[in-house]
Amino acid sequence: MFSGSLVALVTPMKDDGALDFACLERLVDWHIEQGTDGLVIAGTTGEASTLTKAEHVEVIRIAARRAAGRVPVIAGTGSNSTAQTIDLSRAVGELPVDGYLVVTPYYNKPTQEGLYRHFVAIADAVELPLILYNVPGRTGVDMQTATVARLAAHPGIVGIKEATGDLGRLQPLREACGDDFLLFSGDDATGCEFMLQGGQGVISVTSNVAPALMAEMCQAALSGDRQRATGLDERLAGLHQELFVESNPIPVKWAVERLGLIPGGLRLPLTALSSACRPRVEAAMKRAGVL
């Protein structure tokens with residue numbers, strides 16, 4: 001269903017913060033031409049937290065219709081409200097998308113039982129498959145393997161984006177959730193090894209900047225070609241690091257703008273990449289061969 005290099009796509013914005021839908025369409029085409037295996041729209045990197053509901057739905061609608069079935073489209077619909085997540089997911093479910101990426105509720109810090117009930121309620125309310133998203137560094141809550149295993153028994157929950165960067169979680173998740181449950185890395189720096197050890201892919205920030213190289217690396221890793229995969233990943237290592245030199249998506253949006261693909265808009269409270277960090281990101285782009 002989903003595998004390989006899935007880009008956590010940036011949302012193009014003009015300098016005043018207005019959404020740039022024409023640019024979004026061009027970006028979708030570019031990723032498909034570059035070999036990206038799937039699009040994740042309106043996630044963390046897509047600045048979903050600053051979009052209104054109408055904007056959120058429209059960004060997903062335009063991206064999905066532009067993709068036109070050429071690659072899978074996964075819609076980010078998670079929030080820290082179960083009811084709001086269901087409402088947005090149902091609205092998006094009417095669009096030509098293939099599934100949802102739903103983050104663990106942030107700020108309110110639910111218990112493991114609360115996490116379980118949250119995701120089951122969403123999965124029961126929608127028809128498309130759900131991918132869980134565990135990113136405790138942003139949300140303040142860490143979904144444990146036992147909870148993921150309980151959720152994996154639900155027919156509508158098909159996988160997880162595990163963004164802790166802890167490779168030690170991979171095999172326990174596989175053993176607890178079974179071979180059919182999809183395991184995606186949400187950490188570019190460890191994504192190659194994650195796939196070499198049995199993961200199905202990576203939901204990637206780096207792919208925004210070097211999509212062809214990321215797709216090639218993922219293909220090598222998924223085929224078990226360790227030497228080729230790690231060699232390609234070495235070229236990407238600088239991007240894996242420097243695209244997080246300030247809070248995501250600040251550096252990656254600067255990098256994609258540097259490629260001439262989007263305008264430079266961000267929405268507060270995010271601000272433009274500092275001048276001190278720009279040479280570091282640019283050097284990583286050159287090392288990856290995209291400049």
# chains A, B, ... in the order shown; residues from 1 in each chain; ligands from 1
$ closest_atom_pairs --of "stretch 1-70 of chain A" --to "stretch 221-237 of chain A" --cutoff "12 Å" --atoms "only C-alpha atoms" --output "JSON lines"
{"residue": "A:Ser3", "atom": "CA", "partner": "A:Leu222", "partner_atom": "CA", "distance": 8.9}
{"residue": "A:Gly4", "atom": "CA", "partner": "A:Leu222", "partner_atom": "CA", "distance": 7.4}
{"residue": "A:Ser5", "atom": "CA", "partner": "A:Leu222", "partner_atom": "CA", "distance": 10.3}
$ residues_around --residues "stretch 259-274 of chain A" --least-positions-apart "5" --cutoff "7 Å" --atoms "only C-alpha atoms" --output "PyMOL selection string"
chain A and resi 12-17+23+50+250-251+253-254
$ closest_residue --among "A:Glu47, A:Glu257, A:Asp188, A:Asp29" --to "A:Phe244" --atoms "only C-alpha atoms"
A:Asp188
$ residues_around --residues "stretch 111-114 of chain A" --least-positions-apart "2" --cutoff "10 Å" --atoms "only C-alpha atoms" --output "short mmCIF file (atom, residue, chain, number, x, y, z; two decimals) with C-alpha atoms, in the first residue's frame"
data_model
loop_
_atom_site.label_atom_id
_atom_site.label_comp_id
_atom_site.auth_asym_id
_atom_site.auth_seq_id
_atom_site.Cartn_x
_atom_site.Cartn_y
_atom_site.Cartn_z
CA PRO A 105 -2.42 14.28 20.90
CA ASN A 108 -2.80 17.45 26.93
CA LYS A 109 -0.54 14.40 27.47
CA TYR A 116 -5.68 3.79 22.64
CA ARG A 117 -9.23 5.12 22.91
CA HIS A 118 -8.37 8.22 20.86
CA PHE A 119 -7.09 6.25 17.89
CA VAL A 120 -9.79 3.59 18.05
CA VAL A 141 3.64 11.93 25.00
CA ASP A 142 5.30 8.68 23.92
CA MET A 143 3.13 5.84 22.64
CA GLN A 144 4.49 2.57 23.98
CA ALA A 146 2.15 -2.40 23.95
CA THR A 147 -0.30 0.35 23.01
CA VAL A 148 0.70 0.21 19.34
#
$ residues_around --residues "A:Gly238" --least-positions-apart "4" --cutoff "10 Å" --atoms "only C-alpha atoms" --output "MDAnalysis selection string"
chainID A and resid 189 206 233:234 242:243 280:288
$ select_by_dssp --residues "stretch 31-263 of chain A" --states "strand (DSSP E or B)" --output "MDAnalysis selection string"
chainID A and resid 38:41 73:76 99:103 130:134 157:162 182:185 201:204
$ closest_atom_pairs --of "stretch 96-196 of chain A" --to "stretch 68-74 of chain A" --cutoff "10 Å" --atoms "only C-alpha atoms" --output "tab-separated table"
residue	atom	partner	partner_atom	distance
A:Pro96	CA	A:Ala68	CA	7.8
A:Val97	CA	A:Val73	CA	5.2
A:Asp98	CA	A:Val73	CA	5.5
A:Gly99	CA	A:Ile74	CA	4.9
A:Tyr100	CA	A:Ile74	CA	5.2
A:Leu101	CA	A:Ile74	CA	6.4
A:Val102	CA	A:Ile74	CA	10.0
A:Leu128	CA	A:Ile74	CA	9.9
A:Pro129	CA	A:Ile74	CA	9.4
A:Leu130	CA	A:Ile74	CA	9.1
A:Ile131	CA	A:Ile74	CA	8.8
$ atom_distance --atom1 "atom CA of A:Thr11" --atom2 "atom CA of A:Leu27"
9.4 Å
